[in-house]
$ cat my_file.pdb   # PDB, C-alpha atoms and all ligand atoms
ATOM      1  CA  MET A  29     274.525 141.386  68.052  1.00  0.00           C
ATOM      2  CA  THR A  30     273.609 138.412  65.859  1.00  0.00           C
ATOM      3  CA  THR A  31     271.670 138.564  62.599  1.00  0.00           C
ATOM      4  CA  ASP A  32     268.957 136.527  64.338  1.00  0.00           C
ATOM      5  CA  GLN A  33     268.637 139.110  67.069  1.00  0.00           C
ATOM      6  CA  ASN A  34     268.343 141.829  64.449  1.00  0.00           C
ATOM      7  CA  ALA A  35     265.544 139.912  62.756  1.00  0.00           C
ATOM      8  CA  LEU A  36     263.696 139.647  66.089  1.00  0.00           C
ATOM      9  CA  LYS A  37     264.088 143.387  66.622  1.00  0.00           C
ATOM     10  CA  ARG A  38     262.683 144.113  63.182  1.00  0.00           C
ATOM     11  CA  ALA A  39     259.764 141.752  63.829  1.00  0.00           C
ATOM     12  CA  VAL A  40     258.726 143.431  67.103  1.00  0.00           C
ATOM     13  CA  ALA A  41     259.182 146.845  65.513  1.00  0.00           C
ATOM     14  CA  ARG A  42     256.732 145.864  62.796  1.00  0.00           C
ATOM     15  CA  ALA A  43     254.261 144.455  65.321  1.00  0.00           C
ATOM     16  CA  ALA A  44     254.321 147.782  67.193  1.00  0.00           C
ATOM     17  CA  LEU A  45     252.967 149.635  64.139  1.00  0.00           C
ATOM     18  CA  GLU A  46     249.526 148.242  64.975  1.00  0.00           C
ATOM     19  CA  TYR A  47     249.540 150.156  68.262  1.00  0.00           C
ATOM     20  CA  VAL A  48     250.065 153.564  66.661  1.00  0.00           C
ATOM     21  CA  GLU A  49     246.817 155.473  67.051  1.00  0.00           C
ATOM     22  CA  GLU A  50     245.362 157.482  64.185  1.00  0.00           C
ATOM     23  CA  GLY A  51     245.722 161.241  64.654  1.00  0.00           C
ATOM     24  CA  ARG A  52     247.437 161.106  68.069  1.00  0.00           C
ATOM     25  CA  ILE A  53     250.902 162.181  69.035  1.00  0.00           C
ATOM     26  CA  LEU A  54     253.249 159.217  69.133  1.00  0.00           C
ATOM     27  CA  GLY A  55     255.928 158.808  71.815  1.00  0.00           C
ATOM     28  CA  VAL A  56     259.142 157.369  70.409  1.00  0.00           C
ATOM     29  CA  GLY A  57     261.897 155.872  72.558  1.00  0.00           C
ATOM     30  CA  THR A  58     265.556 155.206  71.898  1.00  0.00           C
ATOM     31  CA  GLY A  59     267.792 152.297  70.937  1.00  0.00           C
ATOM     32  CA  SER A  60     268.491 149.849  68.145  1.00  0.00           C
ATOM     33  CA  THR A  61     265.037 148.225  68.391  1.00  0.00           C
ATOM     34  CA  VAL A  62     263.375 151.627  68.262  1.00  0.00           C
ATOM     35  CA  ASP A  63     265.572 152.532  65.270  1.00  0.00           C
ATOM     36  CA  CYS A  64     263.928 149.598  63.445  1.00  0.00           C
ATOM     37  CA  PHE A  65     260.512 150.954  64.502  1.00  0.00           C
ATOM     38  CA  ILE A  66     261.322 154.493  63.304  1.00  0.00           C
ATOM     39  CA  ASP A  67     262.484 153.158  59.958  1.00  0.00           C
ATOM     40  CA  LEU A  68     259.055 151.553  59.445  1.00  0.00           C
ATOM     41  CA  LEU A  69     257.011 154.630  60.392  1.00  0.00           C
ATOM     42  CA  PRO A  70     256.906 156.090  56.850  1.00  0.00           C
ATOM     43  CA  GLU A  71     254.594 153.134  56.002  1.00  0.00           C
ATOM     44  CA  ILE A  72     251.933 154.658  58.307  1.00  0.00           C
ATOM     45  CA  ARG A  73     252.872 158.305  57.905  1.00  0.00           C
ATOM     46  CA  GLU A  74     249.271 159.484  57.439  1.00  0.00           C
ATOM     47  CA  ARG A  75     248.330 158.227  60.928  1.00  0.00           C
ATOM     48  CA  ILE A  76     250.976 160.301  62.724  1.00  0.00           C
ATOM     49  CA  PRO A  77     250.445 164.067  63.061  1.00  0.00           C
ATOM     50  CA  ALA A  78     253.591 164.459  65.190  1.00  0.00           C
ATOM     51  CA  CYS A  79     255.904 162.673  67.609  1.00  0.00           C
ATOM     52  CA  VAL A  80     257.763 163.349  70.800  1.00  0.00           C
ATOM     53  CA  SER A  81     261.104 161.693  71.211  1.00  0.00           C
ATOM     54  CA  SER A  82     263.227 160.553  74.139  1.00  0.00           C
ATOM     55  CA  SER A  83     266.615 161.486  72.659  1.00  0.00           C
ATOM     56  CA  GLU A  84     268.461 163.675  70.194  1.00  0.00           C
ATOM     57  CA  ARG A  85     269.365 160.457  68.363  1.00  0.00           C
ATOM     58  CA  SER A  86     265.733 159.461  67.756  1.00  0.00           C
ATOM     59  CA  THR A  87     264.732 163.052  66.999  1.00  0.00           C
ATOM     60  CA  LYS A  88     267.355 163.250  64.231  1.00  0.00           C
ATOM     61  CA  ARG A  89     266.213 159.950  62.777  1.00  0.00           C
ATOM     62  CA  LEU A  90     262.543 160.959  62.860  1.00  0.00           C
ATOM     63  CA  GLU A  91     263.188 164.368  61.343  1.00  0.00           C
ATOM     64  CA  ALA A  92     265.341 162.860  58.602  1.00  0.00           C
ATOM     65  CA  LEU A  93     262.279 160.822  57.621  1.00  0.00           C
ATOM     66  CA  GLY A  94     260.120 163.954  57.562  1.00  0.00           C
ATOM     67  CA  PHE A  95     258.272 163.561  60.886  1.00  0.00           C
ATOM     68  CA  LYS A  96     257.464 166.527  63.056  1.00  0.00           C
ATOM     69  CA  VAL A  97     258.983 166.218  66.546  1.00  0.00           C
ATOM     70  CA  LEU A  98     257.340 168.336  69.224  1.00  0.00           C
ATOM     71  CA  ASP A  99     258.844 169.803  72.371  1.00  0.00           C
ATOM     72  CA  MET A 100     257.527 167.904  75.392  1.00  0.00           C
ATOM     73  CA  ASN A 101     256.431 171.182  76.957  1.00  0.00           C
ATOM     74  CA  ASP A 102     253.976 171.673  74.112  1.00  0.00           C
ATOM     75  CA  VAL A 103     252.321 168.316  74.763  1.00  0.00           C
ATOM     76  CA  GLU A 104     249.815 167.451  77.460  1.00  0.00           C
ATOM     77  CA  GLU A 105     249.328 163.736  76.961  1.00  0.00           C
ATOM     78  CA  ILE A 106     250.614 161.044  74.662  1.00  0.00           C
ATOM     79  CA  GLY A 107     248.568 158.033  73.644  1.00  0.00           C
ATOM     80  CA  VAL A 108     251.147 155.403  72.918  1.00  0.00           C
ATOM     81  CA  TYR A 109     254.844 155.345  73.758  1.00  0.00           C
ATOM     82  CA  VAL A 110     256.954 152.720  72.001  1.00  0.00           C
ATOM     83  CA  ASP A 111     260.346 151.960  73.497  1.00  0.00           C
ATOM     84  CA  GLY A 112     262.806 149.133  74.058  1.00  0.00           C
ATOM     85  CA  ALA A 113     264.294 147.771  77.267  1.00  0.00           C
ATOM     86  CA  ASP A 114     267.519 146.245  78.472  1.00  0.00           C
ATOM     87  CA  GLU A 115     265.599 143.840  80.737  1.00  0.00           C
ATOM     88  CA  ILE A 116     261.955 143.216  81.544  1.00  0.00           C
ATOM     89  CA  ASP A 117     260.628 141.057  84.403  1.00  0.00           C
ATOM     90  CA  PRO A 118     257.291 139.232  84.815  1.00  0.00           C
ATOM     91  CA  SER A 119     255.700 142.295  86.475  1.00  0.00           C
ATOM     92  CA  PHE A 120     256.702 144.388  83.404  1.00  0.00           C
ATOM     93  CA  ALA A 121     259.240 146.353  85.428  1.00  0.00           C
ATOM     94  CA  MET A 122     262.245 147.208  83.285  1.00  0.00           C
ATOM     95  CA  VAL A 123     265.865 148.198  83.369  1.00  0.00           C
ATOM     96  CA  LYS A 124     266.446 150.877  80.746  1.00  0.00           C
ATOM     97  CA  GLY A 125     269.176 153.329  79.857  1.00  0.00           C
ATOM     98  CA  GLY A 126     271.659 151.134  78.017  1.00  0.00           C
ATOM     99  CA  GLY A 127     271.547 153.819  75.329  1.00  0.00           C
ATOM    100  CA  GLY A 128     271.822 156.598  77.902  1.00  0.00           C
ATOM    101  CA  ALA A 129     268.396 158.137  77.294  1.00  0.00           C
ATOM    102  CA  LEU A 130     266.757 157.022  80.551  1.00  0.00           C
ATOM    103  CA  THR A 131     265.753 160.442  81.882  1.00  0.00           C
ATOM    104  CA  ARG A 132     263.921 161.585  78.779  1.00  0.00           C
ATOM    105  CA  GLU A 133     262.463 158.101  78.418  1.00  0.00           C
ATOM    106  CA  LYS A 134     261.013 158.327  81.903  1.00  0.00           C
ATOM    107  CA  ILE A 135     259.577 161.767  81.207  1.00  0.00           C
ATOM    108  CA  VAL A 136     257.855 160.663  78.004  1.00  0.00           C
ATOM    109  CA  ALA A 137     256.634 157.436  79.641  1.00  0.00           C
ATOM    110  CA  SER A 138     255.161 159.421  82.533  1.00  0.00           C
ATOM    111  CA  VAL A 139     252.713 161.280  80.266  1.00  0.00           C
ATOM    112  CA  SER A 140     251.865 158.334  78.027  1.00  0.00           C
ATOM    113  CA  LYS A 141     248.676 156.354  78.351  1.00  0.00           C
ATOM    114  CA  THR A 142     250.135 153.110  77.059  1.00  0.00           C
ATOM    115  CA  PHE A 143     253.764 152.014  77.177  1.00  0.00           C
ATOM    116  CA  VAL A 144     254.457 149.428  74.489  1.00  0.00           C
ATOM    117  CA  CYS A 145     257.769 147.698  75.129  1.00  0.00           C
ATOM    118  CA  ILE A 146     259.451 146.132  72.107  1.00  0.00           C
ATOM    119  CA  ALA A 147     262.174 143.653  72.924  1.00  0.00           C
ATOM    120  CA  ASP A 148     263.812 140.495  71.692  1.00  0.00           C
ATOM    121  CA  ALA A 149     263.566 137.406  73.880  1.00  0.00           C
ATOM    122  CA  SER A 150     267.043 137.913  75.376  1.00  0.00           C
ATOM    123  CA  LYS A 151     265.636 140.842  77.387  1.00  0.00           C
ATOM    124  CA  GLN A 152     263.112 138.770  79.341  1.00  0.00           C
ATOM    125  CA  VAL A 153     264.356 137.854  82.830  1.00  0.00           C
ATOM    126  CA  ASP A 154     262.864 136.480  86.045  1.00  0.00           C
ATOM    127  CA  VAL A 155     264.729 138.979  88.224  1.00  0.00           C
ATOM    128  CA  LEU A 156     266.175 142.288  87.030  1.00  0.00           C
ATOM    129  CA  GLY A 157     269.877 142.935  87.543  1.00  0.00           C
ATOM    130  CA  ARG A 158     271.830 140.881  85.046  1.00  0.00           C
ATOM    131  CA  PHE A 159     272.185 144.023  82.926  1.00  0.00           C
ATOM    132  CA  PRO A 160     274.108 146.795  84.763  1.00  0.00           C
ATOM    133  CA  LEU A 161     271.651 149.326  86.182  1.00  0.00           C
ATOM    134  CA  PRO A 162     272.230 152.805  84.680  1.00  0.00           C
ATOM    135  CA  VAL A 163     271.912 155.819  86.967  1.00  0.00           C
ATOM    136  CA  GLU A 164     272.069 159.342  85.509  1.00  0.00           C
ATOM    137  CA  VAL A 165     273.713 161.756  87.926  1.00  0.00           C
ATOM    138  CA  ILE A 166     274.685 165.405  88.098  1.00  0.00           C
ATOM    139  CA  PRO A 167     278.451 165.150  87.371  1.00  0.00           C
ATOM    140  CA  MET A 168     279.538 166.518  90.774  1.00  0.00           C
ATOM    141  CA  ALA A 169     277.561 163.753  92.513  1.00  0.00           C
ATOM    142  CA  ALA A 170     279.188 160.858  90.630  1.00  0.00           C
ATOM    143  CA  ARG A 171     281.583 159.862  93.397  1.00  0.00           C
ATOM    144  CA  ALA A 172     279.010 160.104  96.202  1.00  0.00           C
ATOM    145  CA  VAL A 173     276.356 158.148  94.296  1.00  0.00           C
ATOM    146  CA  LYS A 174     278.925 155.535  93.230  1.00  0.00           C
ATOM    147  CA  ALA A 175     279.762 154.941  96.909  1.00  0.00           C
ATOM    148  CA  LYS A 176     276.082 154.484  97.775  1.00  0.00           C
ATOM    149  CA  LEU A 177     275.589 151.981  94.949  1.00  0.00           C
ATOM    150  CA  GLU A 178     278.693 150.089  96.082  1.00  0.00           C
ATOM    151  CA  ALA A 179     277.255 149.966  99.592  1.00  0.00           C
ATOM    152  CA  LEU A 180     274.277 148.081  98.058  1.00  0.00           C
ATOM    153  CA  GLY A 181     276.752 145.520  96.717  1.00  0.00           C
ATOM    154  CA  ALA A 182     277.168 146.786  93.153  1.00  0.00           C
ATOM    155  CA  THR A 183     280.348 147.109  91.138  1.00  0.00           C
ATOM    156  CA  VAL A 184     280.086 150.555  89.597  1.00  0.00           C
ATOM    157  CA  THR A 185     281.683 152.121  86.537  1.00  0.00           C
ATOM    158  CA  LEU A 186     281.450 155.656  85.238  1.00  0.00           C
ATOM    159  CA  ARG A 187     280.343 155.452  81.618  1.00  0.00           C
ATOM    160  CA  ASP A 188     282.423 157.373  79.073  1.00  0.00           C
ATOM    161  CA  PHE A 189     279.332 159.254  77.928  1.00  0.00           C
ATOM    162  CA  VAL A 190     277.549 162.567  78.386  1.00  0.00           C
ATOM    163  CA  THR A 191     273.749 162.419  78.329  1.00  0.00           C
ATOM    164  CA  ASP A 192     271.538 164.694  76.224  1.00  0.00           C
ATOM    165  CA  ASN A 193     271.015 166.592  79.500  1.00  0.00           C
ATOM    166  CA  GLY A 194     274.762 167.146  80.063  1.00  0.00           C
ATOM    167  CA  ASN A 195     275.005 164.603  82.886  1.00  0.00           C
ATOM    168  CA  ALA A 196     277.029 161.486  83.697  1.00  0.00           C
ATOM    169  CA  ILE A 197     275.933 157.840  83.883  1.00  0.00           C
ATOM    170  CA  LEU A 198     277.015 155.265  86.441  1.00  0.00           C
ATOM    171  CA  ASP A 199     276.485 151.599  85.542  1.00  0.00           C
ATOM    172  CA  ALA A 200     275.863 149.441  88.608  1.00  0.00           C
ATOM    173  CA  LYS A 201     276.608 145.751  88.033  1.00  0.00           C
ATOM    174  CA  GLY A 202     275.714 142.840  90.293  1.00  0.00           C
ATOM    175  CA  LEU A 203     272.465 143.954  91.923  1.00  0.00           C
ATOM    176  CA  ALA A 204     269.762 141.277  92.102  1.00  0.00           C
ATOM    177  CA  ILE A 205     266.707 143.522  92.006  1.00  0.00           C
ATOM    178  CA  ALA A 206     263.978 141.551  93.758  1.00  0.00           C
ATOM    179  CA  GLU A 207     261.923 144.653  94.664  1.00  0.00           C
ATOM    180  CA  PRO A 208     262.337 147.030  91.726  1.00  0.00           C
ATOM    181  CA  GLU A 209     259.786 149.633  92.854  1.00  0.00           C
ATOM    182  CA  LYS A 210     261.391 149.901  96.288  1.00  0.00           C
ATOM    183  CA  LEU A 211     264.899 150.244  94.868  1.00  0.00           C
ATOM    184  CA  GLU A 212     263.702 152.793  92.299  1.00  0.00           C
ATOM    185  CA  ALA A 213     262.191 154.936  95.058  1.00  0.00           C
ATOM    186  CA  GLU A 214     265.304 154.638  97.221  1.00  0.00           C
ATOM    187  CA  ILE A 215     267.861 155.565  94.554  1.00  0.00           C
ATOM    188  CA  ASN A 216     265.645 158.420  93.322  1.00  0.00           C
ATOM    189  CA  MET A 217     265.962 160.014  96.762  1.00  0.00           C
ATOM    190  CA  TRP A 218     269.753 160.297  96.739  1.00  0.00           C
ATOM    191  CA  PRO A 219     271.159 163.797  96.225  1.00  0.00           C
ATOM    192  CA  GLY A 220     272.507 164.264  92.719  1.00  0.00           C
ATOM    193  CA  VAL A 221     270.570 161.404  91.152  1.00  0.00           C
ATOM    194  CA  VAL A 222     268.636 162.615  88.129  1.00  0.00           C
ATOM    195  CA  THR A 223     267.103 159.292  87.149  1.00  0.00           C
ATOM    196  CA  VAL A 224     267.602 155.641  87.934  1.00  0.00           C
ATOM    197  CA  GLY A 225     267.068 153.325  84.978  1.00  0.00           C
ATOM    198  CA  LEU A 226     264.490 151.259  86.840  1.00  0.00           C
ATOM    199  CA  PHE A 227     261.045 151.598  85.288  1.00  0.00           C
ATOM    200  CA  ALA A 228     258.951 149.852  87.935  1.00  0.00           C
ATOM    201  CA  LYS A 229     256.480 152.403  89.257  1.00  0.00           C
ATOM    202  CA  ARG A 230     255.661 153.201  85.640  1.00  0.00           C
ATOM    203  CA  GLY A 231     256.526 149.990  83.819  1.00  0.00           C
ATOM    204  CA  ALA A 232     255.303 148.683  80.486  1.00  0.00           C
ATOM    205  CA  ASP A 233     251.631 148.017  79.715  1.00  0.00           C
ATOM    206  CA  VAL A 234     252.186 145.814  76.690  1.00  0.00           C
ATOM    207  CA  LEU A 235     255.193 143.670  75.836  1.00  0.00           C
ATOM    208  CA  LEU A 236     255.875 142.643  72.252  1.00  0.00           C
ATOM    209  CA  LEU A 237     258.506 139.963  72.591  1.00  0.00           C
ATOM    210  CA  GLY A 238     260.487 138.774  69.599  1.00  0.00           C
ATOM    211  CA  THR A 239     261.038 135.027  69.794  1.00  0.00           C
ATOM    212  CA  THR A 240     262.136 132.386  67.301  1.00  0.00           C
ATOM    213  CA  GLU A 241     258.482 131.244  67.192  1.00  0.00           C
ATOM    214  CA  GLY A 242     257.314 134.724  66.241  1.00  0.00           C
ATOM    215  CA  VAL A 243     256.229 137.855  68.101  1.00  0.00           C
ATOM    216  CA  LYS A 244     254.436 137.130  71.368  1.00  0.00           C
ATOM    217  CA  THR A 245     252.117 139.750  72.835  1.00  0.00           C
ATOM    218  CA  PHE A 246     251.642 140.123  76.583  1.00  0.00           C
ATOM    219  CA  ALA A 247     249.502 142.642  78.420  1.00  0.00           C
ATOM    220  CA  LYS A 248     250.260 143.672  81.972  1.00  0.00           C
ATOM    221  CA  GLY A 249     248.213 141.764  84.530  1.00  0.00           C
ATOM    222  CA  GLU A 250     247.080 139.030  82.136  1.00  0.00           C
TER
HETATM  223  O1  LIG A 301     266.765 152.247  77.358  1.00  0.00           O
HETATM  224  C1  LIG A 301     267.193 152.343  76.256  1.00  0.00           C
HETATM  225  C2  LIG A 301     268.014 153.472  75.782  1.00  0.00           C
HETATM  226  O2  LIG A 301     268.314 154.360  76.823  1.00  0.00           O
HETATM  227  C3  LIG A 301     266.890 151.275  75.259  1.00  0.00           C
HETATM  228  O3  LIG A 301     265.531 151.113  75.185  1.00  0.00           O
HETATM  229  C4  LIG A 301     267.539 150.003  75.686  1.00  0.00           C
HETATM  230  O4  LIG A 301     268.915 150.248  75.897  1.00  0.00           O
HETATM  231  C5  LIG A 301     267.360 148.906  74.652  1.00  0.00           C
HETATM  232  O5  LIG A 301     268.105 149.197  73.537  1.00  0.00           O
HETATM  233  P1  LIG A 301     268.211 148.230  72.284  1.00  0.00           P
HETATM  234  O6  LIG A 301     266.904 148.262  71.605  1.00  0.00           O
HETATM  235  O7  LIG A 301     269.334 148.829  71.462  1.00  0.00           O
HETATM  236  O8  LIG A 301     268.569 146.860  72.787  1.00  0.00           O
END

$ encode --input "my_file.pdb" --output "C-alpha cells"
Amino acid sequence: MTTDQNALKRAVARAALEYVEEGRILGVGTGSTVDCFIDLLPEIRERIPACVSSSERSTKRLEALGFKVLDMNDVEEIGVYVDGADEIDPSFAMVKGGGGALTREKIVASVSKTFVCIADASKQVDVLGRFPLPVEVIPMAARAVKAKLEALGATVTLRDFVTDNGNAILDAKGLAIAEPEKLEAEINMWPGVVTVGLFAKRGADVLLLGTTEGVKTFAKGE
C-alpha cells in the first residue's frame, strides 16, 4: 500500500467521526481503514457509551483504547456501523472479507440502521469481481463449495487462514458480478457456506470515498 493510499484511508476515517451518534452503540468493522477510524475514536470518546465489533482484531484494538465492547447478543439495534470494503459498485453493493471478518461484519450490518462505508478511491468499481470474492465455509465443505464456484467460472484458492468462527475461506477470482444480489442469494444456499462476502441485499447507505481531491460523500439512491 502506498503512503498516498494511507493518507486517503486516514481522511475517510476522520470524515466518518461525524456520523457517530451521541449516546448510541457504535458498530465497528474490520480492516486497515477501520484501524485508522478506531485510532481516532478517543477524540470523541464521550459520545460513545459502547461498541460492538466485527472481529477479535478490532475488539482488541478498541479495548486497548479503553472502549467497552459488547456481545452482539446483548444488543438489539445499532445506529451506525462503520466499515471498509474491498470493492463497492454504483448500487452500493460491496465485496468484503479481504480481512476474513465477513461473517461477523454481515451480522453487525444486519442490525445496523446506517452502514457507513469508508474506502479509498481504488475500491470504487463499475462491476464487482476484480477483487477475489471471499466465501467463508465450514471446513468439511471446502472442496464441494470450491467445485461449485469453479463451475461458475472462478479460479478458487483456499486461504491459509482460520476465521474468528473457526472456519475456512475460499477466494474466488475471475467472477464478473453483474447481479450481486442474485449471486449472493445463490451462494448463500449452498450447503456448508457460512457467508459469502457479497454485501448486496444489505449494502452500504453512505459511502465516504477518499480521493486525491478530498473526501467525497455519497448517499445511496442519490
Ligand atoms: O471486509 C473487510 C475485512 O473482512 C474489510 O473491510 C476490507 O477487507 C477492506 O479492508 P481495508 O480497509 O484494509 O482495505

$ residues_near_ligand --input "my_file.pdb" --ligand "ligand LIG 301 (chain A)" --cutoff "7 Å" --atoms "only C-alpha atoms and all ligand atoms" --output "list of chain:residue names"
A:Gly57, A:Thr58, A:Gly59, A:Ser60, A:Thr61, A:Val62, A:Asp111, A:Gly112, A:Ala113, A:Asp114, A:Lys124, A:Gly125, A:Gly126, A:Gly127, A:Gly128, A:Ala129, A:Leu130, A:Ala147

$ resolve_selection --input "my_file.pdb" --expression "the PyMOL selection byres (((chain A and resi 184) around 7) and not hetatm)" --output "list of chain:residue names"
A:Lys174, A:Glu178, A:Ala182, A:Thr183, A:Thr185, A:Leu186, A:Leu198, A:Asp199, A:Ala200, A:Lys201

$ resolve_selection --input "my_file.pdb" --expression "the PyMOL selection byres (((chain A and resi 53) around 8) and not hetatm)" --output "PyMOL selection string"
chain A and resi 51-52+54-55+76-80+106-108

$ write_last_selection --input "my_file.pdb" --atoms "C-alpha atoms" --output "PDB file, in the coordinates of the input"
ATOM      1  CA  GLY A  51     245.722 161.241  64.654  1.00  0.00           C
ATOM      2  CA  ARG A  52     247.437 161.106  68.069  1.00  0.00           C
ATOM      3  CA  LEU A  54     253.249 159.217  69.133  1.00  0.00           C
ATOM      4  CA  GLY A  55     255.928 158.808  71.815  1.00  0.00           C
ATOM      5  CA  ILE A  76     250.976 160.301  62.724  1.00  0.00           C
ATOM      6  CA  PRO A  77     250.445 164.067  63.061  1.00  0.00           C
ATOM      7  CA  ALA A  78     253.591 164.459  65.190  1.00  0.00           C
ATOM      8  CA  CYS A  79     255.904 162.673  67.609  1.00  0.00           C
ATOM      9  CA  VAL A  80     257.763 163.349  70.800  1.00  0.00           C
ATOM     10  CA  ILE A 106     250.614 161.044  74.662  1.00  0.00           C
ATOM     11  CA  GLY A 107     248.568 158.033  73.644  1.00  0.00           C
ATOM     12  CA  VAL A 108     251.147 155.403  72.918  1.00  0.00           C
TER      13      VAL A 108
END

$ resolve_selection --input "my_file.pdb" --expression "the PyMOL selection byres (((chain A and resi 132) around 12) and not hetatm)" --output "PDB file with C-alpha atoms, keeping the file's coordinate frame"
ATOM      1  CA  GLY A  55     255.928 158.808  71.815  1.00  0.00           C
ATOM      2  CA  VAL A  56     259.142 157.369  70.409  1.00  0.00           C
ATOM      3  CA  GLY A  57     261.897 155.872  72.558  1.00  0.00           C
ATOM      4  CA  THR A  58     265.556 155.206  71.898  1.00  0.00           C
ATOM      5  CA  VAL A  80     257.763 163.349  70.800  1.00  0.00           C
ATOM      6  CA  SER A  81     261.104 161.693  71.211  1.00  0.00           C
ATOM      7  CA  SER A  82     263.227 160.553  74.139  1.00  0.00           C
ATOM      8  CA  SER A  83     266.615 161.486  72.659  1.00  0.00           C
ATOM      9  CA  GLU A  84     268.461 163.675  70.194  1.00  0.00           C
ATOM     10  CA  ARG A  85     269.365 160.457  68.363  1.00  0.00           C
ATOM     11  CA  SER A  86     265.733 159.461  67.756  1.00  0.00           C
ATOM     12  CA  THR A  87     264.732 163.052  66.999  1.00  0.00           C
ATOM     13  CA  ASP A  99     258.844 169.803  72.371  1.00  0.00           C
ATOM     14  CA  MET A 100     257.527 167.904  75.392  1.00  0.00           C
ATOM     15  CA  ASP A 111     260.346 151.960  73.497  1.00  0.00           C
ATOM     16  CA  LYS A 124     266.446 150.877  80.746  1.00  0.00           C
ATOM     17  CA  GLY A 125     269.176 153.329  79.857  1.00  0.00           C
ATOM     18  CA  GLY A 127     271.547 153.819  75.329  1.00  0.00           C
ATOM     19  CA  GLY A 128     271.822 156.598  77.902  1.00  0.00           C
ATOM     20  CA  ALA A 129     268.396 158.137  77.294  1.00  0.00           C
ATOM     21  CA  LEU A 130     266.757 157.022  80.551  1.00  0.00           C
ATOM     22  CA  THR A 131     265.753 160.442  81.882  1.00  0.00           C
ATOM     23  CA  GLU A 133     262.463 158.101  78.418  1.00  0.00           C
ATOM     24  CA  LYS A 134     261.013 158.327  81.903  1.00  0.00           C
ATOM     25  CA  ILE A 135     259.577 161.767  81.207  1.00  0.00           C
ATOM     26  CA  VAL A 136     257.855 160.663  78.004  1.00  0.00           C
ATOM     27  CA  ALA A 137     256.634 157.436  79.641  1.00  0.00           C
ATOM     28  CA  SER A 138     255.161 159.421  82.533  1.00  0.00           C
ATOM     29  CA  VAL A 139     252.713 161.280  80.266  1.00  0.00           C
ATOM     30  CA  GLU A 164     272.069 159.342  85.509  1.00  0.00           C
ATOM     31  CA  THR A 191     273.749 162.419  78.329  1.00  0.00           C
ATOM     32  CA  ASP A 192     271.538 164.694  76.224  1.00  0.00           C
ATOM     33  CA  ASN A 193     271.015 166.592  79.500  1.00  0.00           C
ATOM     34  CA  VAL A 222     268.636 162.615  88.129  1.00  0.00           C
ATOM     35  CA  THR A 223     267.103 159.292  87.149  1.00  0.00           C
ATOM     36  CA  VAL A 224     267.602 155.641  87.934  1.00  0.00           C
ATOM     37  CA  GLY A 225     267.068 153.325  84.978  1.00  0.00           C
TER      38      GLY A 225
END

$ closest_residue --input "my_file.pdb" --among "A:Phe120, A:Lys176, A:Ala228, A:Asn195" --to "Glu209 in chain A" --atoms "all atoms listed in the file"
A:Ala228

$ atom_distance --input "my_file.pdb" --atom1 "CA of Val123 in chain A" --atom2 "CA of Phe189 in chain A"
18.3 Å

$ atom_distance --input "my_file.pdb" --atom1 "CA of Ala35 in chain A" --atom2 "CA of Ala121 in chain A"
24.4 Å

$ closest_residue --input "my_file.pdb" --among "A:Leu203, A:Leu237, A:Arg73, A:Asp117" --to "Lys96 in chain A" --atoms "only C-alpha atoms"
A:Arg73

$ closest_residue --input "my_file.pdb" --among "A:Ile197, A:Ala247, A:Ala170, A:Val163" --to "Glu212 in chain A" --atoms "all atoms listed in the file"
A:Val163

$ atom_distance --input "my_file.pdb" --atom1 "CA of Lys37 in chain A" --atom2 "CA of Gly242 in chain A"
11.0 Å
